[in-house]
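*Asks:* Sharing input.cif here; it has mmCIF, C-alpha atoms.
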```
data_my_file
loop_
_atom_site.label_atom_id
_atom_site.label_comp_id
_atom_site.auth_asym_id
_atom_site.auth_seq_id
_atom_site.Cartn_x
_atom_site.Cartn_y
_atom_site.Cartn_z
CA MET A 68 6.89 -26.68 -13.47
CA LEU A 69 6.12 -28.91 -16.46
CA LYS A 70 8.27 -31.62 -14.93
CA ARG A 71 6.22 -31.52 -11.78
CA CYS A 72 2.97 -31.48 -13.74
CA ARG A 73 4.04 -34.66 -15.51
CA ARG A 74 4.41 -36.36 -12.16
CA TYR A 75 0.95 -35.25 -11.06
CA LEU A 76 -0.80 -36.51 -14.21
CA SER A 77 -0.98 -40.12 -13.09
CA LEU A 78 -2.10 -39.26 -9.58
CA SER A 79 -5.16 -37.10 -9.40
CA GLY A 80 -7.79 -35.64 -11.73
CA PRO A 81 -8.02 -32.20 -10.04
CA PHE A 82 -4.28 -31.74 -10.29
CA VAL A 83 -4.36 -32.55 -14.01
CA LEU A 84 -6.84 -29.71 -14.46
CA THR A 85 -4.67 -27.57 -12.23
CA CYS A 86 -1.49 -27.98 -14.25
CA TRP A 87 -3.19 -27.50 -17.61
CA SER A 88 -4.87 -24.36 -16.26
CA VAL A 89 -1.48 -22.91 -15.40
CA MET A 90 -0.21 -23.58 -18.92
CA LEU A 91 -3.32 -22.27 -20.67
CA GLY A 92 -3.69 -19.12 -18.56
CA PRO A 93 -6.46 -17.59 -16.40
CA VAL A 94 -10.02 -18.65 -17.01
CA GLY A 95 -12.93 -16.22 -17.24
CA HIS A 96 -13.21 -12.48 -16.73
CA LEU A 97 -12.29 -11.35 -13.25
CA ASP A 98 -14.19 -8.07 -13.57
CA ALA A 99 -17.42 -9.99 -14.08
CA VAL A 100 -16.57 -12.21 -11.11
CA LEU A 101 -16.03 -9.24 -8.84
CA ALA A 102 -19.22 -7.61 -10.06
CA GLU A 103 -21.19 -10.69 -9.05
CA ASP A 104 -19.69 -10.59 -5.53
CA THR A 105 -19.11 -14.37 -5.54
CA LEU A 106 -15.98 -16.47 -5.49
CA PRO A 107 -15.27 -18.08 -8.87
CA GLU A 108 -15.14 -21.85 -9.24
CA PRO A 109 -12.49 -23.01 -9.74
CA LEU A 110 -10.58 -20.30 -7.91
CA THR A 111 -7.21 -19.06 -9.20
CA LEU A 112 -4.61 -17.27 -7.11
CA ASP A 113 -4.87 -14.22 -9.37
CA ALA A 114 -8.64 -14.06 -8.83
CA ALA A 115 -8.21 -14.53 -5.07
CA LEU A 116 -5.73 -11.65 -4.89
CA GLN A 117 -8.01 -9.36 -6.91
CA PHE A 118 -11.01 -10.37 -4.84
CA SER A 119 -9.16 -9.61 -1.60
CA GLU A 120 -8.18 -6.19 -2.97
CA TRP A 121 -11.76 -5.46 -3.89
CA MET A 122 -13.24 -6.70 -0.61
CA GLY A 123 -10.46 -5.25 1.52
CA SER A 124 -9.27 -6.48 4.90
CA THR A 125 -9.56 -5.25 8.46
CA SER A 126 -5.90 -4.26 8.72
CA THR A 127 -6.00 -2.44 5.38
CA ALA A 128 -9.20 -0.67 6.38
CA PHE A 129 -7.53 0.59 9.56
CA ALA A 130 -4.52 1.76 7.55
CA GLU A 131 -6.81 3.56 5.09
CA SER A 132 -8.59 5.30 7.96
CA ASP A 133 -5.21 6.44 9.31
CA VAL A 134 -4.36 7.89 5.90
CA ALA A 135 -7.73 9.64 5.73
CA LEU A 136 -7.16 11.19 9.17
CA ALA A 137 -3.66 12.30 8.13
CA GLU A 138 -5.11 13.85 4.96
CA LEU A 139 -7.62 15.75 7.08
CA GLY A 140 -4.76 16.99 9.24
CA SER A 141 -2.88 18.16 6.15
CA ASP A 142 -5.96 19.94 4.83
CA ARG A 143 -6.55 21.53 8.21
CA ALA A 144 -2.98 22.81 8.30
CA ALA A 145 -3.27 24.16 4.75
CA TYR A 146 -6.42 26.10 5.62
CA LEU A 147 -5.64 26.97 9.21
CA ASN A 148 -6.31 30.68 8.63
CA PRO A 149 -9.25 30.82 6.23
CA THR A 150 -11.17 33.99 5.44
CA SER A 151 -14.07 34.33 7.86
CA VAL A 152 -17.23 36.16 6.76
CA TYR A 153 -19.88 37.14 9.28
CA LEU A 154 -23.21 38.96 9.50
CA ASN A 155 -24.40 40.73 12.66
CA LEU A 156 -28.07 41.77 13.01
CA VAL A 157 -28.58 43.89 16.16
CA PRO A 158 -32.14 45.11 16.82
CA ARG A 159 -32.11 47.61 19.73
CA ALA A 160 -33.75 50.75 21.07
CA ALA A 161 -31.79 53.69 22.60
CA LYS A 162 -32.60 56.86 24.52
CA ARG A 163 -30.52 60.03 24.20
CA THR A 164 -28.59 61.19 27.26
CA GLY A 165 -29.73 64.38 29.01
CA ASP A 166 -33.31 64.52 27.76
CA PRO A 167 -35.54 62.40 30.02
CA LEU A 168 -38.65 63.39 28.07
CA ASP A 169 -37.47 61.92 24.76
CA ASP A 170 -38.79 58.55 23.74
CA PHE A 171 -36.67 55.55 22.77
CA ILE A 172 -35.57 55.57 19.16
CA ASN A 173 -34.72 52.73 16.78
CA ASP A 174 -30.95 52.29 17.07
CA SER A 175 -30.69 48.95 15.25
CA TYR A 176 -27.96 48.12 12.76
CA ALA A 177 -26.87 45.35 10.39
CA ARG A 178 -23.17 44.66 9.78
CA ILE A 179 -21.43 42.36 7.34
CA GLY A 180 -17.71 41.86 7.53
CA ALA A 181 -14.74 39.65 6.71
CA ASN A 182 -11.49 38.88 8.53
CA LYS A 183 -8.33 37.33 7.11
CA VAL A 184 -4.88 36.54 8.45
CA LEU A 185 -2.65 38.27 5.93
CA TYR A 186 0.62 36.88 7.22
CA ASP A 187 1.44 34.55 10.12
CA PHE A 188 5.25 34.56 9.88
CA GLY A 189 5.56 30.93 8.65
CA ARG A 190 3.13 29.34 11.10
CA THR A 191 0.77 27.81 8.51
CA ARG A 192 3.63 26.72 6.27
CA ALA A 193 5.39 24.91 9.14
CA LEU A 194 2.24 23.15 10.34
CA LYS A 195 1.41 22.04 6.79
CA SER A 196 4.92 20.64 6.33
CA ILE A 197 4.64 18.67 9.58
CA ALA A 198 1.22 17.31 8.59
CA GLU A 199 2.41 16.29 5.10
CA THR A 200 5.40 14.46 6.56
CA GLY A 201 3.06 12.46 8.78
CA LEU A 202 0.78 11.78 5.80
CA SER A 203 3.71 10.43 3.79
CA GLY A 204 4.48 7.92 6.55
CA ARG A 205 0.85 6.82 6.78
CA ARG A 206 0.72 6.16 3.04
CA LYS A 207 3.81 3.96 3.26
CA LEU A 208 2.18 1.96 6.05
CA LEU A 209 -0.98 1.61 3.94
CA GLU A 210 1.00 0.07 1.06
CA LEU A 211 2.73 -2.19 3.57
CA SER A 212 -0.65 -3.33 4.89
CA ARG A 213 -1.85 -4.10 1.36
CA HIS A 214 1.32 -6.08 0.64
CA ASN A 215 0.92 -8.02 3.87
CA ASN A 216 -2.71 -8.75 3.02
CA ARG A 217 -1.63 -10.25 -0.32
CA ILE A 218 0.86 -12.47 1.49
CA VAL A 219 -1.88 -13.66 3.83
CA VAL A 220 -4.08 -14.55 0.84
CA LEU A 221 -1.12 -16.31 -0.81
CA GLU A 222 -0.47 -18.37 2.33
CA ARG A 223 -4.13 -19.26 2.80
CA PHE A 224 -4.49 -20.24 -0.85
CA LEU A 225 -1.43 -22.49 -0.77
CA ASP A 226 -2.53 -23.98 2.57
CA VAL A 227 -5.71 -25.24 0.88
CA LEU A 228 -3.77 -26.94 -1.92
CA LEU A 229 -1.38 -28.47 0.58
CA ALA A 230 -4.25 -29.71 2.76
CA ASP A 231 -5.91 -31.31 -0.29
CA ARG A 232 -2.73 -33.18 -1.18
CA ARG A 233 -2.20 -34.25 2.45
CA TYR A 234 -5.73 -35.65 2.47
CA GLU A 235 -4.98 -37.65 -0.69
CA VAL A 236 -1.86 -39.08 0.96
CA ASP A 237 -3.66 -40.01 4.17
CA ASP A 238 -6.67 -41.39 2.31
CA GLU A 239 -4.41 -43.63 0.22
CA GLU A 240 -2.55 -44.83 3.31
CA MET A 241 -5.81 -45.51 5.13
CA THR A 242 -7.09 -47.54 2.18
CA LEU A 243 -3.92 -49.62 2.11
CA SER A 244 -4.02 -50.10 5.87
CA PHE A 245 -7.63 -51.20 5.75
CA LEU A 246 -6.97 -53.66 2.92
CA HIS A 247 -4.10 -55.17 4.88
CA TYR A 248 -6.24 -55.46 8.01
CA ASP A 249 -9.16 -56.90 6.05
CA ARG A 250 -6.97 -59.56 4.40
CA LEU A 251 -5.56 -60.69 7.75
CA ARG A 252 -9.00 -60.77 9.31
CA GLU A 253 -10.31 -62.84 6.41
CA LYS A 254 -7.39 -65.27 6.69
CA ARG A 255 -8.01 -65.57 10.40
CA THR A 256 -11.75 -66.10 10.02
CA LEU A 257 -11.82 -68.40 7.02
CA PHE A 258 -8.54 -70.24 7.06
CA ASP A 259 -7.01 -69.63 10.49
CA GLU A 260 -3.75 -68.79 8.70
CA THR A 261 -2.72 -65.92 10.96
CA SER A 262 -2.73 -65.19 14.66
CA GLU A 263 -5.21 -63.02 16.52
CA ILE A 264 -2.40 -60.71 17.66
CA ASP A 265 -1.44 -60.00 14.02
CA VAL A 266 -5.05 -59.10 13.24
CA ALA A 267 -5.25 -56.86 16.31
CA GLU A 268 -2.00 -55.14 15.35
CA ALA A 269 -3.27 -54.49 11.81
CA GLU A 270 -6.56 -53.14 13.14
CA ALA A 271 -4.76 -50.79 15.56
CA ALA A 272 -2.59 -49.52 12.71
CA TYR A 273 -5.66 -48.98 10.53
CA ARG A 274 -7.49 -47.09 13.29
CA GLU A 275 -4.47 -44.87 13.82
CA VAL A 276 -4.22 -43.98 10.13
CA MET A 277 -7.97 -43.36 10.02
CA VAL A 278 -7.58 -40.74 12.77
CA GLN A 279 -4.93 -38.99 10.68
CA ARG A 280 -7.16 -39.11 7.62
CA THR A 281 -10.05 -37.61 9.62
CA GLU A 282 -7.79 -34.78 10.77
CA SER A 283 -6.73 -34.18 7.18
CA ALA A 284 -10.35 -33.97 6.03
CA LEU A 285 -11.12 -31.42 8.75
CA GLN A 286 -7.96 -29.51 7.84
CA GLN A 287 -9.29 -29.20 4.30
CA GLN A 288 -12.37 -27.41 5.61
CA TYR A 289 -10.41 -25.30 8.08
CA THR A 290 -7.95 -24.01 5.46
CA ARG A 291 -10.86 -23.14 3.18
CA LEU A 292 -12.50 -21.21 6.00
CA GLN A 293 -9.26 -19.30 6.59
CA LEU A 294 -9.03 -18.47 2.88
CA ALA A 295 -12.67 -17.36 2.74
CA ILE A 296 -12.11 -15.07 5.73
CA ALA A 297 -8.98 -13.60 4.09
CA LEU A 298 -11.07 -12.91 0.98
CA GLY A 299 -13.81 -11.23 3.00
CA LYS A 300 -16.31 -14.03 2.23
CA PRO A 301 -16.45 -16.15 5.43
CA ASP A 302 -19.71 -17.82 4.38
CA ASP A 303 -18.54 -18.69 0.86
CA LEU A 304 -15.95 -21.45 1.18
CA PRO A 305 -14.10 -22.16 -2.10
CA ARG A 306 -14.18 -25.76 -3.33
CA ASP A 307 -11.79 -26.17 -6.26
CA LEU A 308 -8.51 -24.28 -6.52
CA LEU A 309 -6.16 -24.20 -9.49
CA TYR A 310 -2.45 -24.77 -8.97
CA PRO A 311 -0.61 -21.43 -9.41
CA ASP A 312 2.61 -20.72 -11.27
CA LEU A 313 5.04 -19.72 -8.53
CA SER A 314 8.16 -19.51 -10.70
CA THR A 315 8.34 -15.74 -10.10
CA TRP A 316 9.58 -16.58 -6.62
CA THR A 317 10.90 -20.13 -6.78
CA GLY A 318 13.20 -19.43 -9.74
CA ARG A 319 15.28 -16.83 -7.91
CA GLU A 320 18.79 -17.21 -6.57
CA ILE A 321 19.46 -16.81 -2.86
CA PRO A 322 20.78 -13.25 -2.31
CA ASP A 323 23.77 -12.15 -0.27
CA TYR A 324 22.68 -11.11 3.21
CA GLY A 325 24.90 -8.01 3.38
CA VAL A 326 23.75 -6.67 0.01
CA LEU A 327 20.10 -7.34 0.75
CA LEU A 328 20.40 -5.76 4.20
CA LYS A 329 21.60 -2.47 2.67
CA THR A 330 18.63 -2.49 0.33
CA THR A 331 16.25 -3.28 3.18
CA LEU A 332 17.56 -0.51 5.44
CA ALA A 333 17.24 1.95 2.55
CA SER A 334 13.77 1.01 1.30
CA ASN A 335 11.79 -0.86 3.99
CA PRO A 336 8.36 0.85 4.11
CA ARG A 337 7.97 0.63 7.90
CA LEU A 338 11.46 2.01 8.45
CA LEU A 339 10.81 4.83 5.98
CA ALA A 340 7.56 5.61 7.80
CA LEU A 341 9.49 5.84 11.08
CA LYS A 342 11.99 8.18 9.42
CA ASP A 343 9.09 10.35 8.33
CA SER A 344 7.98 10.42 11.97
CA LEU A 345 11.52 11.45 12.93
CA SER A 346 11.45 14.29 10.40
CA ALA A 347 8.08 15.42 11.72
CA ALA A 348 9.41 15.35 15.28
CA ARG A 349 12.40 17.49 14.27
CA GLU A 350 10.13 20.00 12.56
CA GLN A 351 7.91 20.03 15.62
CA LEU A 352 10.93 20.76 17.81
CA ASP A 353 12.17 23.50 15.49
CA ASN A 354 8.72 25.10 15.52
CA ALA A 355 7.95 24.79 19.24
CA GLY A 356 5.82 27.73 20.30
CA ILE A 357 4.70 28.26 16.74
CA ASN A 358 1.24 29.30 17.90
CA LEU A 359 2.84 32.21 19.75
CA ARG A 360 4.21 33.87 16.63
CA PRO A 361 2.89 37.31 15.56
CA ARG A 362 0.05 37.54 13.08
CA LEU A 363 -0.89 40.27 10.63
CA LEU A 364 -4.68 40.45 10.26
CA GLY A 365 -6.91 42.40 7.90
CA GLY A 366 -10.61 43.16 8.20
CA LEU A 367 -13.39 44.79 6.22
CA GLU A 368 -16.85 45.80 7.52
CA PHE A 369 -19.99 47.39 6.02
CA THR A 370 -22.74 48.63 8.37
CA GLU A 371 -26.28 49.81 7.77
CA TYR A 372 -27.77 51.88 10.65
CA ALA A 373 -31.46 52.58 11.32
CA THR A 374 -30.52 56.03 12.70
CA VAL A 375 -28.08 58.20 10.79
CA ARG A 376 -25.29 59.70 12.88
CA ALA A 377 -22.21 61.51 11.73
CA SER A 378 -19.91 59.67 14.14
CA ARG A 379 -20.78 56.24 12.80
CA ASP A 380 -18.85 54.44 10.03
CA ASP A 381 -20.73 52.91 7.14
CA ALA A 382 -17.58 51.13 5.97
CA ARG A 383 -14.32 50.27 7.73
CA ALA A 384 -11.07 48.59 6.67
CA THR A 385 -8.46 47.62 9.27
CA VAL A 386 -4.99 46.11 9.36
CA ARG A 387 -3.56 45.08 12.72
CA LEU A 388 -0.44 43.32 13.92
CA GLN A 389 -1.03 40.95 16.83
CA ILE A 390 2.14 40.30 18.88
CA PRO A 391 1.99 37.93 21.88
CA LEU A 392 3.86 39.51 24.78
CA PHE A 393 3.69 36.79 27.42
CA ASN A 394 3.36 33.04 27.07
CA GLY A 395 4.53 31.72 30.42
CA LYS A 396 6.08 28.22 30.12
CA LEU A 397 4.06 27.15 27.09
CA LYS A 398 6.94 27.27 24.59
CA ARG A 399 9.28 25.39 26.91
CA LEU A 400 6.67 22.70 27.50
CA GLU A 401 6.16 22.29 23.75
CA GLN A 402 9.93 22.01 23.28
CA GLN A 403 10.16 19.30 25.93
CA GLU A 404 7.28 17.37 24.38
CA ALA A 405 8.78 17.63 20.87
CA ASN A 406 12.20 16.56 22.18
CA LEU A 407 10.69 13.47 23.80
CA GLU A 408 8.98 12.59 20.50
CA LEU A 409 12.31 13.03 18.73
CA ILE A 410 14.09 10.69 21.15
CA ARG A 411 11.30 8.12 20.85
CA ALA A 412 11.44 8.27 17.04
CA LYS A 413 15.21 7.68 17.07
CA LEU A 414 14.82 4.70 19.42
CA ASP A 415 12.02 3.27 17.25
CA ILE A 416 14.26 3.48 14.18
CA LYS A 417 17.14 1.68 15.90
CA SER A 418 14.79 -0.99 17.22
CA MET A 419 13.24 -1.47 13.77
CA GLU A 420 16.66 -1.70 12.09
CA ASN A 421 17.72 -4.45 14.49
CA ALA A 422 14.41 -6.27 14.02
CA LEU A 423 14.88 -6.10 10.23
CA ARG A 424 18.40 -7.52 10.54
CA GLU A 425 17.07 -10.50 12.48
CA GLU A 426 14.04 -11.07 10.26
CA LEU A 427 16.03 -10.81 7.05
CA PHE A 428 18.67 -13.24 8.33
CA ARG A 429 15.95 -15.67 9.38
CA LEU A 430 14.29 -15.53 5.97
CA ILE A 431 17.54 -16.03 4.07
CA ARG A 432 18.42 -18.88 6.40
CA ASN A 433 15.04 -20.43 5.61
CA LEU A 434 15.69 -20.03 1.89
CA THR A 435 19.03 -21.79 2.22
CA VAL A 436 17.45 -24.71 4.07
CA LEU A 437 14.54 -24.80 1.61
CA ARG A 438 16.98 -24.98 -1.30
CA ARG A 439 18.43 -28.15 0.23
CA ASP A 440 14.90 -29.36 0.92
CA LEU A 441 14.01 -28.81 -2.72
CA ASP A 442 16.98 -30.86 -3.89
CA ALA A 443 15.97 -33.62 -1.48
CA ALA A 444 12.33 -33.41 -2.62
CA ASP A 445 13.31 -33.66 -6.29
CA SER A 446 15.50 -36.69 -5.58
CA LEU A 447 12.77 -38.34 -3.55
CA GLU A 448 10.16 -37.69 -6.25
CA TYR A 449 12.46 -39.10 -8.90
CA PHE A 450 13.11 -42.23 -6.85
CA ARG A 451 9.42 -42.73 -6.00
CA ASP A 452 8.48 -42.20 -9.65
CA LEU A 453 10.93 -44.90 -10.77
CA TYR A 454 9.82 -47.18 -7.94
CA LEU A 455 6.18 -46.80 -8.98
CA ASP A 456 7.05 -47.61 -12.59
CA ARG A 457 8.84 -50.77 -11.49
CA SER A 458 5.96 -51.78 -9.20
CA ARG A 459 3.48 -51.21 -12.01
CA THR A 460 5.57 -53.35 -14.38
CA LEU A 461 5.80 -56.19 -11.85
CA TYR A 462 2.07 -55.92 -11.22
CA GLU A 463 1.33 -56.23 -14.95
CA LEU A 464 3.59 -59.31 -15.06
CA GLU A 465 1.46 -60.74 -12.25
CA VAL A 466 4.40 -60.76 -9.87
CA SER A 467 3.69 -60.01 -6.22
CA THR A 468 4.36 -56.33 -5.71
CA ASP A 469 3.60 -53.34 -3.47
CA LEU A 470 1.93 -51.19 -6.15
CA GLY A 471 -0.49 -49.53 -3.73
CA ASP A 472 2.25 -48.66 -1.26
CA ALA A 473 4.40 -47.26 -4.07
CA GLN A 474 1.51 -45.05 -5.17
CA ALA A 475 1.04 -43.76 -1.63
CA LYS A 476 4.76 -43.05 -1.21
CA LEU A 477 4.83 -41.08 -4.47
CA LEU A 478 1.85 -39.04 -3.31
CA GLU A 479 3.69 -38.24 -0.09
CA ALA A 480 6.82 -37.28 -2.03
CA ASN A 481 4.67 -34.92 -4.13
CA TRP A 482 3.22 -33.40 -0.95
CA TYR A 483 6.72 -32.88 0.40
CA ALA A 484 7.82 -31.15 -2.83
CA MET A 485 4.70 -28.96 -2.81
CA ARG A 486 5.35 -27.92 0.79
CA VAL A 487 8.91 -26.90 -0.04
CA GLU A 488 7.83 -25.01 -3.17
CA PHE A 489 5.06 -23.17 -1.33
CA SER A 490 7.31 -22.27 1.61
CA THR A 491 9.91 -20.90 -0.81
CA ALA A 492 7.33 -18.69 -2.56
CA VAL A 493 5.95 -17.29 0.72
CA THR A 494 9.47 -16.64 2.05
CA TRP A 495 10.37 -14.67 -1.09
CA ALA A 496 7.12 -12.70 -0.85
CA LYS A 497 8.04 -11.72 2.71
CA ILE A 498 11.55 -10.70 1.63
CA ASP A 499 10.02 -8.50 -1.08
CA MET A 500 7.83 -6.86 1.55
CA LEU A 501 10.87 -6.16 3.75
CA THR A 502 12.86 -4.66 0.87
CA GLY A 503 9.98 -2.53 -0.42
CA VAL A 504 9.58 -4.49 -3.67
CA GLU A 505 6.06 -4.75 -5.09
CA PHE A 506 4.15 -7.99 -4.72
CA ALA A 507 5.40 -10.21 -7.54
CA TYR A 508 2.14 -12.03 -8.36
CA GLY A 509 -1.31 -10.74 -9.24
CA PRO A 510 -2.62 -7.15 -9.26
CA GLN A 511 -0.27 -4.28 -8.52
CA GLN A 512 -1.25 -1.04 -6.88
#
```
Translate the structure described by the file into structure tokens.

*Replies:*
Amino acid sequence: MLKRCRRYLSLSGPFVLTCWSVMLGPVGHLDAVLAEDTLPEPLTLDAALQFSEWMGSTSTAFAESDVALAELGSDRAAYLNPTSVYLNLVPRAAKRTGDPLDDFINDSYARIGANKVLYDFGRTRALKSIAETGLSGRRKLLELSRHNNRIVVLERFLDVLLADRRYEVDDEEMTLSFLHYDRLREKRTLFDETSEIDVAEAEAAYREVMVQRTESALQQQYTRLQLAIALGKPDDLPRDLLYPDLSTWTGREIPDYGVLLKTTLASNPRLLALKDSLSAAREQLDNAGINLRPRLLGGLEFTEYATVRASRDDARATVRLQIPLFNGKLKRLEQQEANLELIRAKLDIKSMENALREELFRLIRNLTVLRRDLDAADSLEYFRDLYLDRSRTLYELEVSTDLGDAQAKLLEANWYAMRVEFSTAVTWAKIDMLTGVEFAYGPQQ
């Protein structure tokens, strides 16, 4: 990292600040930044990750709502048979049988009672187990969503830095192209030392480079908009970003595919969530017709009557066993539904395992290519650095030289090296997500 910083020192002021910021550590207090609800300037990757965690994202919000619904389902299963307490107030008038001359009497009563399922033969326990298995899967998917959100912020942050360096490259090339065109035009106008076709060719080349520079300037704004959206602040576009230390990822060795695949199949959060769904489907199948199991119920009632009668109970306690005798095809239908869910869960797991095999191979392939790219980028930077030193020496000796072109080529070599470094970091972050490893940079959950 220090080697690369040395190469940036002679190129651009913002990147000097960037490299020194990495070596000196984070600036400011992030808690105060978050409290103010504004993006810090300059913005660090650590602050961006914390800000995105605090602001949240749409995908994470959906995942959190799924967890909340699963928690409600677990609570509902845990308290499926709560104690119910009731109060009945019955005002009424009655007339005794056999005496048509008697008037109506006050036959009102007030009753307070409570009912409770004393035992449901494992029904509540089974439903709670099924709900908790589903909740476990939802929580895994929530952590996966948070990890993916951090990767999005990482990509958007690095895209801004890459767009800034691309703009510097294109701006330098446009300046050189314009100077070349302007010199030829001046020679043509003042001294008639060059042909009109040479001037036209230089102008066309300059206009073409200017288009590329315009696109680069717009890309700077677009990448900042994407980052602001990822941070939940679409109207607060960051201006200055500090170069992050990505050595956590870029310093790793490329892993063996077979070894990493075993780890991935054992710990991938999405695959584990699907296995939780499979377990829930099996429990559902084993407990088909669970609502048709017997129940042992207990009740207690206290009654106050307006008219005292010997045949009426002031207090009553009951215990009753409720046994379903006929359920038609309900149990069989529940078994068929649970079996279909079980088959679907098994197919989802196989499909996910194959998708993970492909994705993991693709990422490791990318790492292998990027390792070669990095070697090529280092060689190119070294050559361009030496070439610039030689051009600067010749320029100081007042020998005709291509100092400006050498500067532009070194800038482009730096951009190439940055692109390779950033791609390597993002690829490793995605591999960590596949293998269930926590995000290696910034706040951990």

*Asks:* Go through segment 378-486 of chain A and flag each residue having an atom no more than 9 Å from segment 232-236 of chain A; for those, report the closest pair of atoms plus their distance in Å to one decimal, using all atoms listed in the file, ordered by chain and rising number, as JSON lines.

*Replies:*
```
{"residue": "A:Ala475", "atom": "CA", "partner": "A:Val236", "partner_atom": "CA", "distance": 6.1}
{"residue": "A:Lys476", "atom": "CA", "partner": "A:Val236", "partner_atom": "CA", "distance": 8.0}
{"residue": "A:Leu477", "atom": "CA", "partner": "A:Val236", "partner_atom": "CA", "distance": 8.8}
{"residue": "A:Leu478", "atom": "CA", "partner": "A:Val236", "partner_atom": "CA", "distance": 5.7}
{"residue": "A:Glu479", "atom": "CA", "partner": "A:Val236", "partner_atom": "CA", "distance": 5.7}
{"residue": "A:Asn481", "atom": "CA", "partner": "A:Arg232", "partner_atom": "CA", "distance": 8.2}
{"residue": "A:Trp482", "atom": "CA", "partner": "A:Arg232", "partner_atom": "CA", "distance": 6.0}
{"residue": "A:Met485", "atom": "CA", "partner": "A:Arg232", "partner_atom": "CA", "distance": 8.7}
```

*Asks:* My list of candidates is A:Arg178, A:Asn173, A:Asn433, A:Leu112. Which is closest to Asp380 of chain A when distances are computed with only C-alpha atoms?

*Replies:*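 Ranked by minimum distance to Asp380 of chain A, first place goes to A:Arg178.
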
*Asks:* Given the choices A:Gly189, A:Gly325, A:Pro158, A:Gly204, which gets closest to Ala373 of chain A if the distance is worked out from all atoms listed in the file?

*Replies:* A:Pro158

*Asks:* Find the spatial neighbours of Ser490 of chain A, counting only C-alpha atoms, within a cut-off of 10 Å - ignore same-chain residues fewer than 5 positions away - and output them as a compact mmCIF listing (two decimals) with C-alpha atoms, in the frame of the given file.

*Replies:*
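Writing the result to result19.txt gives the following:
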```txt
# COMPACT_ATOMS: atom_id res chain seq x y z
CA GLU A 222 -0.47 -18.37 2.33
CA LEU A 225 -1.43 -22.49 -0.77
CA THR A 317 10.90 -20.13 -6.78
CA ASN A 433 15.04 -20.43 5.61
CA LEU A 434 15.69 -20.03 1.89
CA LEU A 437 14.54 -24.80 1.61
CA ALA A 484 7.82 -31.15 -2.83
CA MET A 485 4.70 -28.96 -2.81
CA TRP A 495 10.37 -14.67 -1.09
CA ALA A 496 7.12 -12.70 -0.85
```

*Asks:* Please determine, counting all atoms listed in the file, which residue among A:Ala492, A:Ala161, A:Leu407, A:Leu328 has the shortest atom-to-atom distance to Arg438 of chain A.

*Replies:*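 Closest to Arg438 of chain A of all the choices is A:Ala492.
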
*Asks:* Just to confirm, what's the straight-line distance from atom CA of Asp472 of chain A to atom CA of Leu309 of chain A in Å (one decimal)?

*Replies:* 27.1 Å

*Asks:* Between atom CA of Val504 of chain A and atom CA of Arg349 of chain A, what is the spacing in Å?

*Replies:*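 Distance between the two atoms: 28.5 Å.
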
*Asks:* What is the atom CA of Asp113 of chain A-atom CA of Leu211 of chain A distance in Å, reported with one decimal?

*Replies:*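 Answer for the atom CA of Asp113 of chain A to atom CA of Leu211 of chain A separation: 19.2 Å.
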
*Asks:* Counting all atoms listed in the file, which residue out of A:Asp445, A:Asp170, A:Glu488, A:Asp307 sits closest to Asp231 of chain A?

*Replies:*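 Closest to Asp231 of chain A, using all atoms listed in the file: A:Asp307.
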
*Asks:* Pick from A:Lys195, A:Arg411, A:Arg424, A:Arg206: nearest to Ile498 of chain A, with all atoms listed in the file counted?

*Replies:* A:Arg424

*Asks:* Applying 9 Å and all atoms listed in the file, which residues near Lys300 of chain A remain after dropping the ones on its own chain fewer than 5 positions away? List them as a list in words.

*Replies:*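 Within the cut-off, the hits are Thr105, Leu106, Met122, Leu292, Leu294 and Ala295 of chain A.
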
*Asks:* Contacts of segment 330-339 of chain A at 10 Å or less, counting only C-alpha atoms, minus same-chain residues fewer than 2 places along, as a short mmCIF file (atom, residue, chain, number, x, y, z; two decimals) with C-alpha atoms, in the coordinates of the input?

*Replies:*
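Final output, result-v4.cif:
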```cif
data_model
loop_
_atom_site.label_atom_id
_atom_site.label_comp_id
_atom_site.auth_asym_id
_atom_site.auth_seq_id
_atom_site.Cartn_x
_atom_site.Cartn_y
_atom_site.Cartn_z
CA SER A 203 3.71 10.43 3.79
CA GLY A 204 4.48 7.92 6.55
CA ARG A 205 0.85 6.82 6.78
CA ARG A 206 0.72 6.16 3.04
CA LYS A 207 3.81 3.96 3.26
CA LEU A 208 2.18 1.96 6.05
CA LEU A 209 -0.98 1.61 3.94
CA GLU A 210 1.00 0.07 1.06
CA LEU A 211 2.73 -2.19 3.57
CA SER A 212 -0.65 -3.33 4.89
CA TYR A 324 22.68 -11.11 3.21
CA GLY A 325 24.90 -8.01 3.38
CA VAL A 326 23.75 -6.67 0.01
CA LEU A 327 20.10 -7.34 0.75
CA LEU A 328 20.40 -5.76 4.20
CA LEU A 341 9.49 5.84 11.08
CA LYS A 342 11.99 8.18 9.42
CA ASP A 343 9.09 10.35 8.33
CA SER A 344 7.98 10.42 11.97
CA LEU A 345 11.52 11.45 12.93
CA ASP A 415 12.02 3.27 17.25
CA ILE A 416 14.26 3.48 14.18
CA LYS A 417 17.14 1.68 15.90
CA SER A 418 14.79 -0.99 17.22
CA MET A 419 13.24 -1.47 13.77
CA GLU A 420 16.66 -1.70 12.09
CA ASN A 421 17.72 -4.45 14.49
CA LEU A 423 14.88 -6.10 10.23
CA ARG A 424 18.40 -7.52 10.54
CA LEU A 427 16.03 -10.81 7.05
CA ILE A 498 11.55 -10.70 1.63
CA ASP A 499 10.02 -8.50 -1.08
CA MET A 500 7.83 -6.86 1.55
CA LEU A 501 10.87 -6.16 3.75
CA THR A 502 12.86 -4.66 0.87
CA GLY A 503 9.98 -2.53 -0.42
CA VAL A 504 9.58 -4.49 -3.67
#
```
